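Containing CSV, C-alpha atoms: target.csv.
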```csv
chain,number,residue,atom,x,y,z
A,118,MET,CA,0.0,0.0,0.0
A,119,SER,CA,1.3,3.4,-0.9
A,120,ALA,CA,2.1,6.0,1.8
A,121,ARG,CA,-0.5,8.3,0.3
A,122,ASN,CA,-3.2,5.7,0.6
A,123,ASP,CA,-2.1,4.8,4.1
A,124,GLN,CA,-2.6,8.3,5.2
A,125,LYS,CA,-6.3,8.0,4.4
A,126,LEU,CA,-6.8,5.1,6.7
A,127,PHE,CA,-8.0,5.5,10.3
A,128,LYS,CA,-5.2,4.2,12.6
A,129,ILE,CA,-6.4,2.0,15.4
A,130,ALA,CA,-4.4,0.3,18.2
A,131,LEU,CA,-5.6,-2.9,19.9
A,132,LEU,CA,-4.4,-3.3,23.5
A,133,GLY,CA,-4.9,-6.1,26.0
A,134,VAL,CA,-7.0,-8.2,23.5
A,135,SER,CA,-6.7,-12.0,23.5
A,136,ASP,CA,-5.3,-13.8,20.4
A,137,ARG,CA,-8.7,-15.1,19.5
A,138,ASP,CA,-10.4,-11.8,19.7
A,139,MET,CA,-7.5,-10.1,18.0
A,140,ALA,CA,-8.2,-12.3,15.0
A,141,MET,CA,-11.8,-11.3,15.0
A,142,LEU,CA,-11.0,-7.6,15.2
A,143,GLU,CA,-8.4,-7.9,12.5
A,144,LEU,CA,-10.9,-9.5,10.3
A,145,PHE,CA,-13.4,-6.7,10.8
A,146,LEU,CA,-10.9,-3.8,10.7
A,147,GLN,CA,-8.5,-4.9,8.0
A,148,GLY,CA,-10.6,-7.5,6.2
A,149,GLN,CA,-14.1,-6.1,5.6
A,150,ASN,CA,-13.0,-2.4,6.1
A,151,LYS,CA,-9.4,-2.5,4.8
A,152,ASP,CA,-10.1,0.7,2.8
A,153,LYS,CA,-11.1,2.6,6.0
A,154,TYR,CA,-9.1,1.2,9.0
A,155,THR,CA,-5.7,-0.1,9.7
A,156,ILE,CA,-4.2,-1.6,12.9
A,157,VAL,CA,-1.0,0.2,14.1
A,158,PRO,CA,1.2,0.3,17.2
A,159,GLU,CA,-0.1,2.4,20.0
A,160,GLN,CA,2.4,5.2,19.3
A,161,GLN,CA,0.8,5.8,15.9
A,162,ALA,CA,-2.8,5.3,16.7
A,163,GLN,CA,-5.7,7.8,16.3
A,164,LEU,CA,-8.0,5.6,18.3
A,165,CYS,CA,-7.2,3.0,21.0
A,166,ILE,CA,-9.4,0.0,21.6
A,167,LEU,CA,-8.5,-1.9,24.7
A,168,ASP,CA,-10.0,-4.7,26.7
A,169,LEU,CA,-10.6,-3.4,30.2
A,170,ASP,CA,-11.2,-6.9,31.5
A,171,SER,CA,-7.7,-8.1,30.6
A,172,LEU,CA,-5.1,-8.8,33.2
A,173,ASN,CA,-3.6,-5.4,32.9
A,174,GLY,CA,-6.7,-3.6,31.5
A,175,LYS,CA,-6.8,-0.9,34.1
A,176,LYS,CA,-3.1,-0.2,33.9
A,177,LEU,CA,-3.3,0.0,30.1
A,178,LEU,CA,-6.2,2.5,30.4
A,179,GLN,CA,-4.4,4.7,32.9
A,180,HIS,CA,-1.2,4.6,30.7
A,181,GLN,CA,-3.2,5.8,27.7
A,182,ARG,CA,-4.9,8.5,29.6
A,183,ASN,CA,-1.6,9.8,31.0
A,184,ARG,CA,0.6,9.5,28.0
A,185,TYR,CA,-1.9,10.4,25.2
A,186,PRO,CA,-4.6,12.5,26.9
A,187,HIS,CA,-6.1,13.7,23.7
A,188,ARG,CA,-6.5,10.3,22.1
A,189,PRO,CA,-10.0,8.8,22.1
A,190,ILE,CA,-10.3,5.5,23.9
A,191,LEU,CA,-12.9,2.7,23.2
A,192,ALA,CA,-12.9,0.3,26.2
A,193,LEU,CA,-14.4,-3.2,26.0
A,194,SER,CA,-15.9,-4.6,29.1
A,195,VAL,CA,-18.5,-7.1,30.3
A,196,ARG,CA,-19.8,-4.4,32.7
A,197,ASP,CA,-21.2,-0.9,32.3
A,198,GLN,CA,-18.5,1.6,33.2
A,199,GLU,CA,-18.5,5.3,33.8
A,200,ILE,CA,-15.2,7.1,33.2
A,201,ASP,CA,-15.0,10.6,31.8
A,202,GLY,CA,-13.6,10.8,28.3
A,203,VAL,CA,-13.8,7.0,27.7
A,204,GLN,CA,-16.4,5.4,25.4
A,205,PHE,CA,-17.4,1.9,26.6
A,206,LEU,CA,-18.8,-1.0,24.5
A,207,ARG,CA,-20.2,-3.9,26.3
A,208,LYS,CA,-19.2,-7.4,25.4
A,209,PRO,CA,-20.0,-9.6,23.6
A,210,ILE,CA,-19.3,-7.0,20.9
A,211,LYS,CA,-21.9,-6.2,18.3
A,212,VAL,CA,-20.4,-5.3,15.0
A,213,ASP,CA,-22.9,-2.5,14.1
A,214,LEU,CA,-22.3,-0.7,17.4
A,215,LEU,CA,-18.5,-1.1,17.0
A,216,LYS,CA,-18.6,0.3,13.5
A,217,THR,CA,-20.9,3.2,14.6
A,218,ILE,CA,-18.5,4.3,17.3
A,219,ILE,CA,-15.3,3.9,15.2
A,220,ASP,CA,-16.9,5.8,12.3
A,221,PHE,CA,-17.9,8.6,14.6
A,222,TYR,CA,-14.3,9.2,15.7
A,223,ARG,CA,-13.0,8.6,12.1
A,224,ASN,CA,-15.4,11.2,10.7
A,225,GLU,CA,-14.7,13.8,13.4
A,226,PRO,CA,-11.3,15.4,12.8
A,227,ILE,CA,-10.5,15.6,16.5
A,228,HIS,CA,-8.2,12.7,15.9
A,229,LYS,CA,-5.9,14.9,13.8
A,230,ASN,CA,-4.6,16.3,17.1
A,231,VAL,CA,-3.4,12.8,18.0
A,232,ASP,CA,-0.7,12.8,15.2
A,233,ASN,CA,1.2,15.6,16.9
A,234,GLU,CA,0.6,14.0,20.3
A,235,THR,CA,2.1,10.7,19.3
A,236,LYS,CA,5.3,12.4,18.2
A,237,THR,CA,5.7,14.3,21.5
A,238,PRO,CA,3.9,12.4,24.2
A,239,VAL,CA,3.4,14.2,27.5
A,240,LYS,CA,5.3,13.2,30.6
A,241,VAL,CA,3.7,10.4,32.5
A,242,GLN,CA,2.3,11.5,35.8
A,243,LYS,CA,0.8,9.4,38.5
A,244,VAL,CA,-2.9,9.9,38.9
A,245,GLU,CA,-4.5,8.6,42.1
A,246,SER,CA,-8.0,8.2,40.7
A,247,PRO,CA,-9.8,9.0,37.4
A,248,PRO,CA,-12.0,12.1,37.3
A,249,LYS,CA,-15.7,11.7,38.0
A,250,PRO,CA,-17.9,11.9,34.9
A,251,SER,CA,-19.7,15.2,34.4
A,252,VAL,CA,-22.9,13.4,33.3
A,253,GLN,CA,-24.2,10.1,34.4
A,254,PRO,CA,-25.5,7.6,31.8
A,255,ILE,CA,-28.8,5.9,32.5
A,256,THR,CA,-28.8,2.3,33.5
A,257,THR,CA,-30.2,0.2,30.7
A,258,GLY,CA,-29.8,-3.3,32.0
A,259,GLN,CA,-29.8,-5.5,35.0
A,260,PRO,CA,-26.9,-4.9,37.5
A,261,ASP,CA,-24.3,-7.6,37.4
A,262,THR,CA,-24.4,-9.8,40.4
A,263,GLU,CA,-21.6,-12.2,39.7
A,264,GLU,CA,-17.9,-11.9,38.9
A,265,LYS,CA,-18.3,-14.5,36.2
A,266,ARG,CA,-16.1,-13.9,33.1
A,267,ILE,CA,-17.9,-13.7,29.8
A,268,PRO,CA,-15.9,-14.8,26.7
A,269,VAL,CA,-14.9,-11.9,24.6
A,270,GLY,CA,-16.1,-12.0,21.0
A,271,PHE,CA,-18.7,-10.7,18.5
A,272,ALA,CA,-22.4,-11.4,19.1
A,273,ALA,CA,-23.5,-14.6,17.7
A,274,ASN,CA,-26.1,-13.0,15.3
A,275,ASP,CA,-23.6,-10.7,13.7
A,276,THR,CA,-22.8,-11.8,10.1
A,277,GLN,CA,-19.4,-10.1,9.4
A,278,ASN,CA,-20.9,-9.0,6.1
A,279,ALA,CA,-20.3,-5.3,5.4
A,280,VAL,CA,-23.0,-4.9,2.8
A,281,ARG,CA,-25.6,-6.6,5.0
A,282,ASN,CA,-24.5,-4.4,7.9
A,283,LEU,CA,-25.0,-1.3,5.8
A,284,GLU,CA,-28.4,-2.5,4.7
A,285,THR,CA,-29.3,-3.2,8.3
A,286,LEU,CA,-28.2,0.2,9.4
A,287,THR,CA,-30.2,1.9,6.7
A,288,ARG,CA,-33.3,-0.1,7.7
A,289,ILE,CA,-32.9,0.8,11.3
A,290,THR,CA,-32.5,4.5,10.4
A,291,HIS,CA,-35.7,4.5,8.5
A,292,GLU,CA,-37.6,2.7,11.2
A,293,CYS,CA,-36.4,5.1,13.9
A,294,CYS,CA,-36.1,8.4,12.0
A,295,GLY,CA,-38.4,8.0,9.0
A,296,THR,CA,-37.4,8.9,5.5
A,297,GLU,CA,-35.2,11.7,4.4
A,298,ASN,CA,-38.0,14.1,3.6
A,299,SER,CA,-40.2,13.2,6.5
A,300,THR,CA,-39.4,16.2,8.7
A,301,ASP,CA,-38.7,19.8,7.8
A,302,LEU,CA,-38.2,22.1,10.8
A,303,ALA,CA,-38.1,25.2,8.5
A,304,ASN,CA,-41.6,24.5,7.3
A,305,GLY,CA,-43.8,25.2,10.2
A,306,ALA,CA,-46.9,24.7,8.1
A,307,ASP,CA,-46.1,21.1,7.4
A,308,ARG,CA,-47.5,20.1,10.8
A,309,ASP,CA,-48.6,16.6,9.9
A,310,LYS,CA,-45.0,15.6,9.1
A,311,LEU,CA,-43.4,17.5,12.0
A,312,PHE,CA,-45.6,16.4,15.0
A,313,TYR,CA,-47.4,13.3,16.1
A,314,ASP,CA,-49.9,12.6,18.9
A,315,SER,CA,-49.1,9.5,21.0
A,316,GLN,CA,-52.4,9.4,22.9
A,317,ASN,CA,-53.9,6.7,20.6
A,318,LEU,CA,-50.7,4.8,20.1
A,319,PHE,CA,-49.2,1.8,21.9
A,320,GLN,CA,-46.5,4.2,23.1
A,321,HIS,CA,-49.0,5.9,25.4
A,322,ILE,CA,-50.2,2.5,26.7
A,323,LEU,CA,-46.7,1.4,27.6
A,324,GLU,CA,-45.9,4.8,29.2
A,325,THR,CA,-49.0,4.5,31.4
A,326,ALA,CA,-48.2,0.9,32.4
A,327,ILE,CA,-44.6,1.6,33.3
A,328,ALA,CA,-45.6,4.7,35.4
A,329,ARG,CA,-48.3,2.6,37.1
A,330,CYS,CA,-46.2,-0.4,38.0
A,331,ARG,CA,-43.3,1.8,39.3
A,332,LYS,CA,-45.8,3.8,41.4
A,333,ASP,CA,-47.4,0.6,42.9
A,334,ALA,CA,-44.1,-1.3,43.0
A,335,TYR,CA,-45.9,-4.3,41.6
A,336,PRO,CA,-45.7,-6.2,38.3
A,337,ILE,CA,-48.2,-5.4,35.5
A,338,ALA,CA,-48.9,-7.7,32.5
A,339,LEU,CA,-50.2,-6.2,29.2
A,340,HIS,CA,-52.2,-8.7,27.2
A,341,LEU,CA,-52.1,-7.9,23.5
A,342,PRO,CA,-54.2,-9.2,20.6
A,343,GLY,CA,-53.0,-12.5,19.3
A,344,GLY,CA,-52.2,-14.0,22.7
A,345,LYS,CA,-49.0,-12.0,23.1
A,346,SER,CA,-48.1,-10.2,26.4
A,347,ILE,CA,-45.6,-7.9,28.0
A,348,THR,CA,-44.9,-8.2,31.7
A,349,LEU,CA,-43.3,-5.2,33.5
A,350,LEU,CA,-41.3,-5.9,36.6
A,351,PRO,CA,-40.6,-2.6,38.5
A,352,LYS,CA,-38.1,-3.9,41.1
A,353,ALA,CA,-35.8,-5.4,38.5
A,354,SER,CA,-36.8,-2.6,36.0
A,355,VAL,CA,-37.1,-5.1,33.2
A,356,ALA,CA,-39.8,-6.4,30.8
A,357,LEU,CA,-40.6,-9.9,29.8
A,358,THR,CA,-42.3,-10.5,26.5
A,359,ASP,CA,-42.9,-13.1,23.8
A,360,LEU,CA,-43.4,-10.4,21.2
A,361,SER,CA,-40.5,-10.0,18.8
A,362,ASP,CA,-39.3,-6.6,17.6
A,363,SER,CA,-40.5,-7.3,14.1
A,364,ARG,CA,-44.0,-7.8,15.5
A,365,LEU,CA,-44.0,-5.0,18.0
A,366,ARG,CA,-42.7,-2.4,15.6
A,367,PRO,CA,-45.9,-2.3,13.4
A,368,ARG,CA,-48.1,-2.0,16.5
A,369,CYS,CA,-46.3,1.3,17.3
A,370,LEU,CA,-47.7,2.9,14.1
A,371,MET,CA,-51.3,1.7,14.4
A,372,ALA,CA,-53.9,3.4,16.5
A,373,VAL,CA,-54.9,1.3,19.5
A,374,LYS,CA,-58.6,0.5,19.7
A,375,PRO,CA,-60.5,0.9,23.0
A,376,ASP,CA,-60.1,-2.2,25.3
A,377,GLU,CA,-57.7,-3.8,22.8
A,378,ILE,CA,-55.0,-4.1,25.4
A,379,ARG,CA,-55.9,-5.5,28.8
A,380,PHE,CA,-53.9,-4.8,32.0
A,381,GLU,CA,-53.5,-7.4,34.7
A,382,ASN,CA,-51.6,-7.8,38.0
A,383,PRO,CA,-50.0,-11.2,38.0
A,384,ARG,CA,-50.5,-13.3,41.2
A,385,VAL,CA,-47.0,-14.6,41.0
A,386,SER,CA,-44.2,-12.7,42.7
A,387,GLU,CA,-41.7,-10.8,40.6
A,388,THR,CA,-38.9,-13.2,41.7
A,389,ASN,CA,-40.9,-16.2,40.5
A,390,LEU,CA,-41.8,-14.4,37.3
A,391,LEU,CA,-38.2,-13.9,36.5
A,392,ARG,CA,-37.2,-17.5,37.5
A,393,LEU,CA,-40.0,-19.1,35.5
A,394,SER,CA,-39.9,-17.0,32.4
A,395,LYS,CA,-38.3,-18.4,29.2
A,396,GLN,CA,-38.0,-14.9,27.7
A,397,THR,CA,-34.8,-12.8,28.0
A,398,PRO,CA,-35.4,-9.8,30.2
A,399,GLN,CA,-35.0,-6.4,28.6
A,400,ASN,CA,-34.7,-3.1,30.4
A,401,MET,CA,-38.0,-1.2,30.7
A,402,ASP,CA,-36.4,2.1,29.7
A,403,ALA,CA,-34.7,0.5,26.7
A,404,LEU,CA,-38.1,-0.9,25.6
A,405,LEU,CA,-39.9,2.5,26.0
A,406,TRP,CA,-37.0,4.2,24.1
A,407,LYS,CA,-37.3,2.0,21.0
A,408,VAL,CA,-41.1,2.0,21.1
A,409,THR,CA,-40.9,5.8,21.1
A,410,LEU,CA,-38.5,5.9,18.2
A,411,TRP,CA,-40.7,3.5,16.2
A,412,SER,CA,-43.8,5.7,17.0
A,413,ALA,CA,-42.2,9.1,16.3
A,414,ARG,CA,-40.3,8.1,13.2
A,415,GLY,CA,-38.4,11.4,13.1
A,416,ARG,CA,-41.3,13.5,14.4
A,417,LEU,CA,-41.9,15.5,17.6
A,418,PRO,CA,-44.4,15.2,20.4
A,419,LEU,CA,-47.4,17.4,19.8
A,420,ASN,CA,-46.9,21.1,20.7
A,421,THR,CA,-43.1,20.8,21.1
A,422,ASP,CA,-41.4,24.2,20.9
A,423,ILE,CA,-38.8,23.9,18.2
A,424,HIS,CA,-37.2,27.2,19.1
A,425,ALA,CA,-36.7,26.7,22.8
A,426,PRO,CA,-33.2,25.7,24.0
A,427,VAL,CA,-32.9,22.0,24.8
A,428,HIS,CA,-30.6,20.8,27.6
A,429,LEU,CA,-29.6,17.1,28.2
A,430,ARG,CA,-30.2,16.3,31.9
A,431,GLN,CA,-28.7,12.8,31.7
A,432,TRP,CA,-26.5,11.1,29.1
A,433,PRO,CA,-28.3,8.1,27.6
A,434,ASN,CA,-26.2,5.0,27.4
A,435,LEU,CA,-26.3,4.7,23.6
A,436,THR,CA,-24.3,1.5,23.5
A,437,ARG,CA,-27.2,-0.2,25.3
A,438,LEU,CA,-30.1,1.6,23.5
A,439,LEU,CA,-31.4,1.4,20.0
A,440,SER,CA,-29.2,4.1,18.4
A,441,ILE,CA,-27.6,5.5,15.3
A,442,SER,CA,-24.4,7.5,15.0
A,443,PRO,CA,-26.0,11.0,14.8
A,444,PHE,CA,-27.5,10.5,18.3
A,445,LEU,CA,-24.0,10.7,19.8
A,446,ARG,CA,-23.2,14.1,18.2
A,447,ILE,CA,-26.6,15.5,19.3
A,448,ALA,CA,-26.1,14.3,22.9
A,449,ALA,CA,-22.6,15.8,23.0
A,450,LEU,CA,-24.0,19.2,21.9
A,451,TRP,CA,-27.0,19.3,24.3
A,452,SER,CA,-25.0,18.1,27.3
A,453,ARG,CA,-22.8,21.3,27.1
A,454,THR,CA,-24.9,24.1,25.6
A,455,PRO,CA,-28.7,24.5,25.5
A,456,VAL,CA,-29.6,24.6,21.8
A,457,SER,CA,-33.0,24.7,20.1
A,458,LEU,CA,-34.0,21.9,17.8
A,459,VAL,CA,-33.8,24.2,14.8
A,460,GLN,CA,-30.3,25.3,15.8
A,461,THR,CA,-29.2,21.8,16.5
A,462,ALA,CA,-29.9,20.6,13.0
A,463,ASP,CA,-28.2,23.7,11.5
A,464,THR,CA,-25.1,23.5,13.8
A,465,LEU,CA,-24.4,19.9,13.3
A,466,GLY,CA,-25.3,20.0,9.6
A,467,MET,CA,-27.6,17.0,9.8
A,468,GLU,CA,-31.2,16.1,8.7
A,469,ALA,CA,-33.8,17.3,11.1
A,470,ARG,CA,-35.4,13.8,11.4
A,471,TYR,CA,-32.4,12.7,13.5
A,472,VAL,CA,-32.7,15.6,15.9
A,473,CYS,CA,-36.5,15.1,16.2
A,474,ALA,CA,-36.2,11.3,16.8
A,475,PHE,CA,-33.5,11.7,19.4
A,476,TYR,CA,-35.4,14.4,21.2
A,477,SER,CA,-38.6,12.4,21.2
A,478,ALA,CA,-36.9,9.4,22.8
A,479,CYS,CA,-35.0,11.4,25.4
A,480,HIS,CA,-38.1,13.4,26.2
A,481,ASN,CA,-40.1,10.3,26.9
A,482,LEU,CA,-37.5,9.1,29.4
A,483,GLY,CA,-37.2,12.5,31.1
A,484,LEU,CA,-33.6,13.0,29.9
A,485,VAL,CA,-34.1,16.5,28.4
A,486,ARG,CA,-35.7,19.7,29.4
A,487,PHE,CA,-36.3,23.1,27.9
A,488,GLN,CA,-34.1,25.8,29.4
A,489,SER,CA,-34.5,29.5,29.2
A,490,ILE,CA,-31.3,31.4,28.5
A,491,PRO,CA,-31.1,35.1,29.5
A,492,GLY,CA,-29.9,37.2,26.6
A,493,GLY,CA,-31.1,34.7,23.9
A,494,GLU,CA,-28.7,34.4,21.0
A,495,GLU,CA,-26.1,36.6,22.7
A,496,MET,CA,-25.8,34.1,25.5
A,497,VAL,CA,-25.4,31.3,23.1
A,498,GLN,CA,-22.6,33.1,21.3
A,499,MET,CA,-20.9,33.8,24.7
A,500,GLN,CA,-21.0,30.1,25.6
A,501,LYS,CA,-19.4,29.2,22.3
A,502,ALA,CA,-16.4,31.4,23.2
A,503,GLU,CA,-15.8,29.6,26.5
A,504,PRO,CA,-12.5,27.7,26.9
A,505,SER,CA,-12.8,24.1,25.9
A,506,ARG,CA,-13.0,21.3,28.5
A,507,LYS,CA,-10.0,19.1,29.0
A,508,GLY,CA,-12.1,16.0,28.4
A,509,LEU,CA,-12.9,14.3,25.2
A,510,LEU,CA,-16.5,15.6,25.2
A,511,GLY,CA,-15.3,19.3,25.4
A,512,ARG,CA,-13.0,18.8,22.4
A,513,ILE,CA,-15.8,17.2,20.3
A,514,LEU,CA,-18.1,20.0,21.1
A,515,ASN,CA,-15.5,22.6,20.2
A,516,HIS,CA,-15.1,21.0,16.8
A,517,LEU,CA,-18.8,20.7,16.2
A,518,ARG,CA,-19.2,24.4,16.8
A,519,ALA,CA,-16.2,25.3,14.5
A,520,ALA,CA,-17.5,23.1,11.7
```

Would you kindly transcribe this structure into structure tokens?
Amino acid sequence: MSARNDQKLFKIALLGVSDRDMAMLELFLQGQNKDKYTIVPEQQAQLCILDLDSLNGKKLLQHQRNRYPHRPILALSVRDQEIDGVQFLRKPIKVDLLKTIIDFYRNEPIHKNVDNETKTPVKVQKVESPPKPSVQPITTGQPDTEEKRIPVGFAANDTQNAVRNLETLTRITHECCGTENSTDLANGADRDKLFYDSQNLFQHILETAIARCRKDAYPIALHLPGGKSITLLPKASVALTDLSDSRLRPRCLMAVKPDEIRFENPRVSETNLLRLSKQTPQNMDALLWKVTLWSARGRLPLNTDIHAPVHLRQWPNLTRLLSISPFLRIAALWSRTPVSLVQTADTLGMEARYVCAFYSACHNLGLVRFQSIPGGEEMVQMQKAEPSRKGLLGRILNHLRAA
């Protein structure tokens, strides 16, 4: 490969990865995506992927943070972690999520600063403890109760087929965000395409059931037509259902008829429901998140103010939720500076349907709020001139504003 072509490849270092998983990652990075990525020594990397569960995982992470403070890090772990400036991906690895995260860093030129950094690394200093995260991700799964090691590797249902992955990503984008012309924030008269009313949709039924079971601290079963059901367990914060996503998704678009869905309080305890169920539990918030995306399809809840500044109260764990790459950029922007929906699409240079879809899902989980800013636009401009944060999030936001 010529030096010229090599410069176009995104350089990735793999640290602490076992031989078996190294072969899997090499197949993905340099086999299917050899025109995009290349594996290099850590001194030359623009992104570091490390296995935090390896024998020296924590030492490797601390070394990278000390020696290359401006280099993005993607840490692999069987557990949810919260360390500022570090992106986590839970194992077993899903190829579509891995590609989404890598492509985000590859497409954002923040990694260009890393080239100079690798030539003149900073002096290693001892750090007693990592800084606390400035925002807390929501919990989107059951807490781990065992120290059991899970084999590292790609999820069993991933196909290692780049074309198929692209088709899948396109399908997921359309299902969650609608089509390219579905939302136009600039055209306020196009109300049918911009807003939707969830009162007659399954989304509203699920919202009501989740709120009720959490208030009563007792399970609720939703009996749907066709003999299917969804059982909500508030103490474990999970849902049990025999309804596949492919069958649930169409229900999110159809109006629910009166008495079509029946509520019932199971007589079996929550512990026994979990023990006896043959279904894999899924987090209730994650279920509501995807149901909202499928219902909204790139639209906004009725009467949403598209000109009011939006602030992200909590950072959603996008590696555990149904997500696409634009969501990460929107979350980064909203977590730092309150920006209206119209301004968000314009600032990030992305289609409004992504902004509307992300807002609708975050709004339904209580992760966003409208925030009044004294001074209006002048205040926004003043915030743009603030010094950048030392963390990765601050550098990403500075780049997004400069773009």

For atom CA of A:Leu458 and atom CA of A:Thr296, quote the distance in Å rounded to one decimal.
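Interatomic distance, atom CA of A:Leu458 to atom CA of A:Thr296: 18.2 Å.
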
Which polymer residues, whether protein, DNA or RNA, lie within 9 Å of the coordinate (-41.5, -2.5, 16.4) when you count only C-alpha atoms? List them as a list of chain:residue names, using the chain letters and numbers from the file.
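Every residue inside that radius is included here: A:Glu292, A:Ser361, A:Asp362, A:Ser363, A:Arg364, A:Leu365, A:Arg366, A:Pro367, A:Arg368, A:Cys369, A:Leu370, A:Lys407, A:Val408, A:Trp411, A:Ser412.
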
Distance criterion (all atoms listed in the file): nearest to A:Asn317 out of A:Cys330, A:Leu357, A:Val385, A:Ala372:
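Of all the options, A:Ala372 lies closest to A:Asn317.
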
When distances are computed from all atoms listed in the file, which of A:Leu404, A:Leu164, A:Ala469, A:Leu169 shows the smallest separation from A:Arg437?
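Smallest distance to A:Arg437 is found for A:Leu404.
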
Between atom CA of A:Asp152 and atom CA of A:Lys125, what distance in Å does the model show, to one decimal?
8.4 Å

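Interatomic distance, atom CA of A:His340 against atom CA of A:His321: 15.1 Å.
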
Give me the residues near A:Pro336 as a VMD selection string, where near means some atom within 7 Å (using only C-alpha atoms) and where sequence neighbours in that chain fewer than 5 positions away do not count.
chain A and resid 330 348 to 351 382 to 383 387

Emit the selected residues as an mmCIF file, in the coordinates of the input, including C-alpha atoms.
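Output below, filename again-v5.cif:
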```cif
data_model
loop_
_atom_site.group_PDB
_atom_site.id
_atom_site.type_symbol
_atom_site.label_atom_id
_atom_site.label_comp_id
_atom_site.auth_asym_id
_atom_site.auth_seq_id
_atom_site.Cartn_x
_atom_site.Cartn_y
_atom_site.Cartn_z
ATOM 1 C CA CYS A 330 -46.200 -0.400 38.000
ATOM 2 C CA THR A 348 -44.900 -8.200 31.700
ATOM 3 C CA LEU A 349 -43.300 -5.200 33.500
ATOM 4 C CA LEU A 350 -41.300 -5.900 36.600
ATOM 5 C CA PRO A 351 -40.600 -2.600 38.500
ATOM 6 C CA ASN A 382 -51.600 -7.800 38.000
ATOM 7 C CA PRO A 383 -50.000 -11.200 38.000
ATOM 8 C CA GLU A 387 -41.700 -10.800 40.600
#
```

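Closest approach to A:Asn400 from the set A:Lys352, A:Lys176, A:Arg329, A:His428 is made by A:Lys352, with distances taken over all atoms listed in the file.
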
Skipping near chain neighbours, those fewer than 2 positions away, what residues fall within 9 Å of A:Trp451 using all atoms listed in the file, listed as a list in words?
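The neighbour list is Pro426, Val427, His428, Leu429, Arg430, Arg446, Ile447, Ala448, Ala449, Arg453, Thr454, Pro455, Val456, Thr461 and Val485 of chain A.
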
Here is a test: counting all atoms listed in the file, which residue of A:Thr409, A:Gln198, A:Gln320, A:Asn173 is nearest to A:Ser135?
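Of the candidates, the smallest distance to A:Ser135 is held by A:Asn173.
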
Contact residues around stretch 126-131 of chain A with all atoms listed in the file at 9 Å, ignoring same-chain residues under 4 positions, as a ChimeraX atom specification:
/A:122,139,142,146,151-168,219,223
